[in-house]
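S.K.: My questions will all concern the structure given below.
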Amino acid sequence: TTPDRRELARCGVRASSAERTAGGQQAALARLLHAVGQAGGLAVLCGPGGAGVSTVLGRLAAEVDASGGTVVRLSATEFDRGAAPLPAIRTGAAVASVVTILLDDAHRAADGQLGVFVRRVRDELPAASMVLAGQGRLLTLLAREGDLGGRAPLRATVRPWSAAETEAVVTASLEAAGVAYEALVPATIHEIAAGIPRGIFQLLETALLVTAVQPARQLQAGDLEQMHESLSLAAA
């Protein structure tokens, strides 16, 4: 089960602020903001599952919305076979403002759907900017498309965290919760999660809940191995 956010906050986990410290996400966001700031801009956001692609997309939407633009967020899972949907956004208010279309889970599209989608947006809203976001298969789909409306997309990548980024988040969270821990704990969390933020936070949240029950016990690297095994069995 997912731990209650209020309980995690009491334990010292502040996932949203911690995620903002990741350099890879910041760099990807900066590139996307540049792309969507251009009329007709097209960008691709790619990264492994759990690395924060949807998180970056959400932050991009918030930035565009705060600047007065109109954001339309879709998912390729909504595509019907052989057709790419485009919502009715050609209203006076929408057309008068900057329109940014964000397509999440683009790696789930069928062959040919992304090209149809991009060309339809170009025909109906030529000044709209677009971001196609998803996992690695997205790049394969785009390579098969060839021409995407006559414009080469800017690419941004959300990479796994470095060991230093993981250590900064883990150390800050454990110290904020007053948890005593073995020096190897941050590195162990990074290795188990392979630098993927979702895995890092899952382990960190579990560790903090366990230590909240046994506050006098020092958190050991071996404890994390056992937690990871339990989480893997629970997910199986």
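Note on naming: chains are A, B, ... as they come in the structure tokens, residues start from 1 per chain, ligands start from 1 in the order shown.
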Per DSSP on the backbone, filter stretch 48-194 of chain A down to the residues in helix (DSSP H, G or I) and report them as a PyMOL selection string.

M.R.: chain A and resi 53-66+76-78+92-96+106-108+113-124+137-145+163-176+185-193

S.K.: Can you pull out the residues contacting A:Leu224? Cut-off 12 Å, using only C-alpha atoms, and skip same-chain residues under 5 positions away; I want them as number ranges by chain.

M.R.: A: 181-182, 184-193, 199-200, 202-208, 210-211, 218-219, 229-231

S.K.: I'd like to know which of A:Gln25, A:Gln113, A:Thr77, A:Gln214 is closest to A:Glu165, using only C-alpha atoms.

M.R.: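 Result for the nearest residue to A:Glu165: A:Gln25.
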
S.K.: Give me the residues within 7 Å of stretch 120-132 of chain A as a list in words, counting only C-alpha atoms and dropping any in the same chain fewer than 3 places off.

M.R.: Val36, Ala39, Gly40, Gly41, Leu42, Ala43, Val44, Leu45, Val98, Val99, Thr100, Ile101, Leu102, Leu103, Asp104, Ala106, Val116, Phe117 and Gly149 of chain A

S.K.: Where does DSSP see strand (DSSP E) in stretch 131-227 of chain A, if you list the residues as number ranges by chain?

M.R.: A: 131-134, 154-157

S.K.: Now that the selection is made, can you save its residues with C-alpha atoms as a short mmCIF file (atom, residue, chain, number, x, y, z; two decimals), in the first residue's frame?

M.R.:
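Saved the output as result35.cif:
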```cif
data_model
loop_
_atom_site.label_atom_id
_atom_site.label_comp_id
_atom_site.auth_asym_id
_atom_site.auth_seq_id
_atom_site.Cartn_x
_atom_site.Cartn_y
_atom_site.Cartn_z
CA VAL A 131 5.75 18.00 -26.47
CA LEU A 132 5.72 14.25 -27.05
CA ALA A 133 6.74 12.47 -23.85
CA GLY A 134 7.37 8.84 -23.05
CA LEU A 154 14.17 19.25 -29.89
CA ARG A 155 15.06 16.40 -27.56
CA ALA A 156 15.21 16.46 -23.77
CA THR A 157 16.08 13.46 -21.63
#
```

S.K.: Taking only residues of stretch 112-221 of chain A that have an atom at most 6 Å from an atom of stretch 47-53 of chain A, what is each one's shortest atom pair and its distance in Å to one decimal, using only C-alpha atoms, in chain and number order, as JSON lines?

M.R.:
```
{"residue": "A:Gln135", "atom": "CA", "partner": "A:Gly47", "partner_atom": "CA", "distance": 5.1}
{"residue": "A:Thr157", "atom": "CA", "partner": "A:Gly47", "partner_atom": "CA", "distance": 5.7}
{"residue": "A:Val158", "atom": "CA", "partner": "A:Gly47", "partner_atom": "CA", "distance": 4.8}
{"residue": "A:Pro160", "atom": "CA", "partner": "A:Ala51", "partner_atom": "CA", "distance": 5.8}
{"residue": "A:Ile196", "atom": "CA", "partner": "A:Ala51", "partner_atom": "CA", "distance": 5.0}
{"residue": "A:Pro197", "atom": "CA", "partner": "A:Ala51", "partner_atom": "CA", "distance": 5.4}
{"residue": "A:Arg198", "atom": "CA", "partner": "A:Gly50", "partner_atom": "CA", "distance": 4.9}
```

S.K.: Calculate how many Å separate atom CA of A:Gly146 from atom CA of A:Gln26, rounding to one decimal.

M.R.: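 We find that atom CA of A:Gly146 and atom CA of A:Gln26 lie 29.2 Å from each other.
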
S.K.: Report the distance between atom CA of A:Glu225 and atom CA of A:Leu174 in Å, rounded to one decimal place.

M.R.: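 Between atom CA of A:Glu225 and atom CA of A:Leu174 the gap is 17.2 Å.
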
S.K.: How many Å separate atom CA of A:His107 from atom CA of A:Leu139?

M.R.: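 Straight-line distance from atom CA of A:His107 to atom CA of A:Leu139 works out to 8.0 Å.
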
S.K.: As a ChimeraX atom specification, please: the residues near A:Leu60 (cut-off 10 Å, only C-alpha atoms, same-chain neighbours under 5 positions excluded).

M.R.: /A:28-30,32-33,36,54-55,65-66,71,100,102,131

S.K.: Keeping only N, CA and C atoms, write the selected residues as a short mmCIF file (atom, residue, chain, number, x, y, z; two decimals), in the first residue's frame.

M.R.:
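Written file, part_25.cif:
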```
data_model
loop_
_atom_site.label_atom_id
_atom_site.label_comp_id
_atom_site.auth_asym_id
_atom_site.auth_seq_id
_atom_site.Cartn_x
_atom_site.Cartn_y
_atom_site.Cartn_z
N ALA A 28 16.07 19.22 -18.32
CA ALA A 28 15.03 18.84 -19.27
C ALA A 28 13.93 19.90 -19.32
N LEU A 29 13.54 20.39 -18.15
CA LEU A 29 12.50 21.42 -18.09
C LEU A 29 12.93 22.68 -18.82
N ALA A 30 14.18 23.08 -18.64
CA ALA A 30 14.68 24.29 -19.29
C ALA A 30 14.63 24.15 -20.81
N LEU A 32 12.64 22.19 -22.55
CA LEU A 32 11.25 22.16 -23.00
C LEU A 32 10.62 23.56 -22.98
N LEU A 33 10.93 24.34 -21.97
CA LEU A 33 10.41 25.71 -21.90
C LEU A 33 10.87 26.53 -23.10
N VAL A 36 8.73 25.17 -26.23
CA VAL A 36 7.32 25.57 -26.28
C VAL A 36 7.17 27.08 -26.35
N SER A 54 6.71 12.17 -16.36
CA SER A 54 5.41 12.80 -16.09
C SER A 54 5.54 13.95 -15.10
N THR A 55 6.49 13.84 -14.18
CA THR A 55 6.73 14.93 -13.23
C THR A 55 7.20 16.18 -13.95
N ASP A 65 1.00 27.47 -17.82
CA ASP A 65 -0.25 28.00 -17.29
C ASP A 65 -0.01 29.30 -16.52
N ALA A 66 1.07 29.33 -15.73
CA ALA A 66 1.38 30.53 -14.94
C ALA A 66 1.71 31.72 -15.83
N VAL A 71 -2.87 25.14 -21.80
CA VAL A 71 -2.24 23.82 -21.83
C VAL A 71 -3.30 22.76 -22.07
N THR A 100 -0.23 25.09 -25.86
CA THR A 100 0.81 24.06 -25.74
C THR A 100 0.13 22.72 -25.53
N LEU A 102 0.57 18.81 -24.68
CA LEU A 102 1.48 17.86 -24.06
C LEU A 102 0.90 16.46 -24.21
N VAL A 131 4.74 18.83 -27.11
CA VAL A 131 5.75 18.00 -26.47
C VAL A 131 5.23 16.57 -26.48
#
```

S.K.: Taking only C-alpha atoms into account, name the residue in A:Gly24, A:Trp161, A:Val64, A:Phe201 that is nearest to A:Ser173.

M.R.: A:Phe201

S.K.: When distances are computed from only C-alpha atoms, which of A:Pro153, A:Gly37, A:Gly136, A:Gly115 shows the smallest separation from A:Gly69?

M.R.: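 The shortest atom-to-atom distance to A:Gly69 comes from A:Gly37.
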
S.K.: Do you know which residues are at most 9 Å from stretch 110-112 of chain A counting only C-alpha atoms, after dropping those on the same chain fewer than 2 positions away, and could you put them as a list of chain:residue names?

M.R.: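 The contact residues come out as A:Ala76, A:Phe79, A:Arg81, A:Gly82, A:His107, A:Arg108, A:Leu114, A:Gly115, A:Val116, A:Phe117, A:Leu141, A:Leu142, A:Arg144, A:Glu145.
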
S.K.: Would you save the residues from that selection as a compact mmCIF listing (two decimals), in the first residue's frame, using N, CA, C and O atoms?

M.R.:
```txt
# COMPACT_ATOMS: atom_id res chain seq x y z
N ALA A 76 -1.38 9.20 -24.92
CA ALA A 76 -1.51 8.35 -26.10
C ALA A 76 -2.36 7.13 -25.82
O ALA A 76 -2.82 6.47 -26.76
N PHE A 79 -5.70 7.22 -27.54
CA PHE A 79 -5.81 7.08 -28.99
C PHE A 79 -6.68 5.86 -29.34
O PHE A 79 -6.50 4.76 -28.82
N ARG A 81 -7.67 3.08 -32.18
CA ARG A 81 -6.85 2.40 -33.20
C ARG A 81 -6.99 3.12 -34.54
O ARG A 81 -8.09 3.31 -35.07
N GLY A 82 -5.85 3.54 -35.07
CA GLY A 82 -5.82 4.18 -36.39
C GLY A 82 -6.18 5.64 -36.39
O GLY A 82 -6.21 6.28 -37.44
N HIS A 107 5.00 6.71 -26.01
CA HIS A 107 5.58 5.43 -26.41
C HIS A 107 4.53 4.34 -26.57
O HIS A 107 4.81 3.27 -27.12
N ARG A 108 3.32 4.59 -26.09
CA ARG A 108 2.24 3.61 -26.20
C ARG A 108 1.46 3.74 -27.52
O ARG A 108 0.55 2.94 -27.78
N LEU A 114 1.61 8.86 -34.15
CA LEU A 114 2.23 10.12 -33.77
C LEU A 114 2.33 11.07 -34.96
O LEU A 114 2.09 12.27 -34.82
N GLY A 115 2.67 10.54 -36.11
CA GLY A 115 2.75 11.38 -37.29
C GLY A 115 1.40 11.97 -37.65
O GLY A 115 1.29 13.16 -37.98
N VAL A 116 0.35 11.15 -37.56
CA VAL A 116 -1.01 11.63 -37.82
C VAL A 116 -1.37 12.74 -36.85
O VAL A 116 -1.93 13.78 -37.22
N PHE A 117 -1.04 12.52 -35.58
CA PHE A 117 -1.37 13.49 -34.54
C PHE A 117 -0.66 14.82 -34.77
O PHE A 117 -1.28 15.88 -34.76
N LEU A 141 9.60 4.87 -32.42
CA LEU A 141 8.43 5.28 -33.18
C LEU A 141 8.72 6.51 -34.03
O LEU A 141 8.32 6.59 -35.20
N LEU A 142 9.42 7.47 -33.45
CA LEU A 142 9.74 8.70 -34.18
C LEU A 142 10.68 8.42 -35.34
O LEU A 142 10.57 9.02 -36.41
N ARG A 144 10.74 5.82 -37.12
CA ARG A 144 9.95 5.21 -38.19
C ARG A 144 9.10 6.23 -38.93
O ARG A 144 8.71 6.01 -40.07
N GLU A 145 8.78 7.34 -38.24
CA GLU A 145 7.88 8.34 -38.83
C GLU A 145 8.55 9.12 -39.96
O GLU A 145 7.89 9.53 -40.91
```
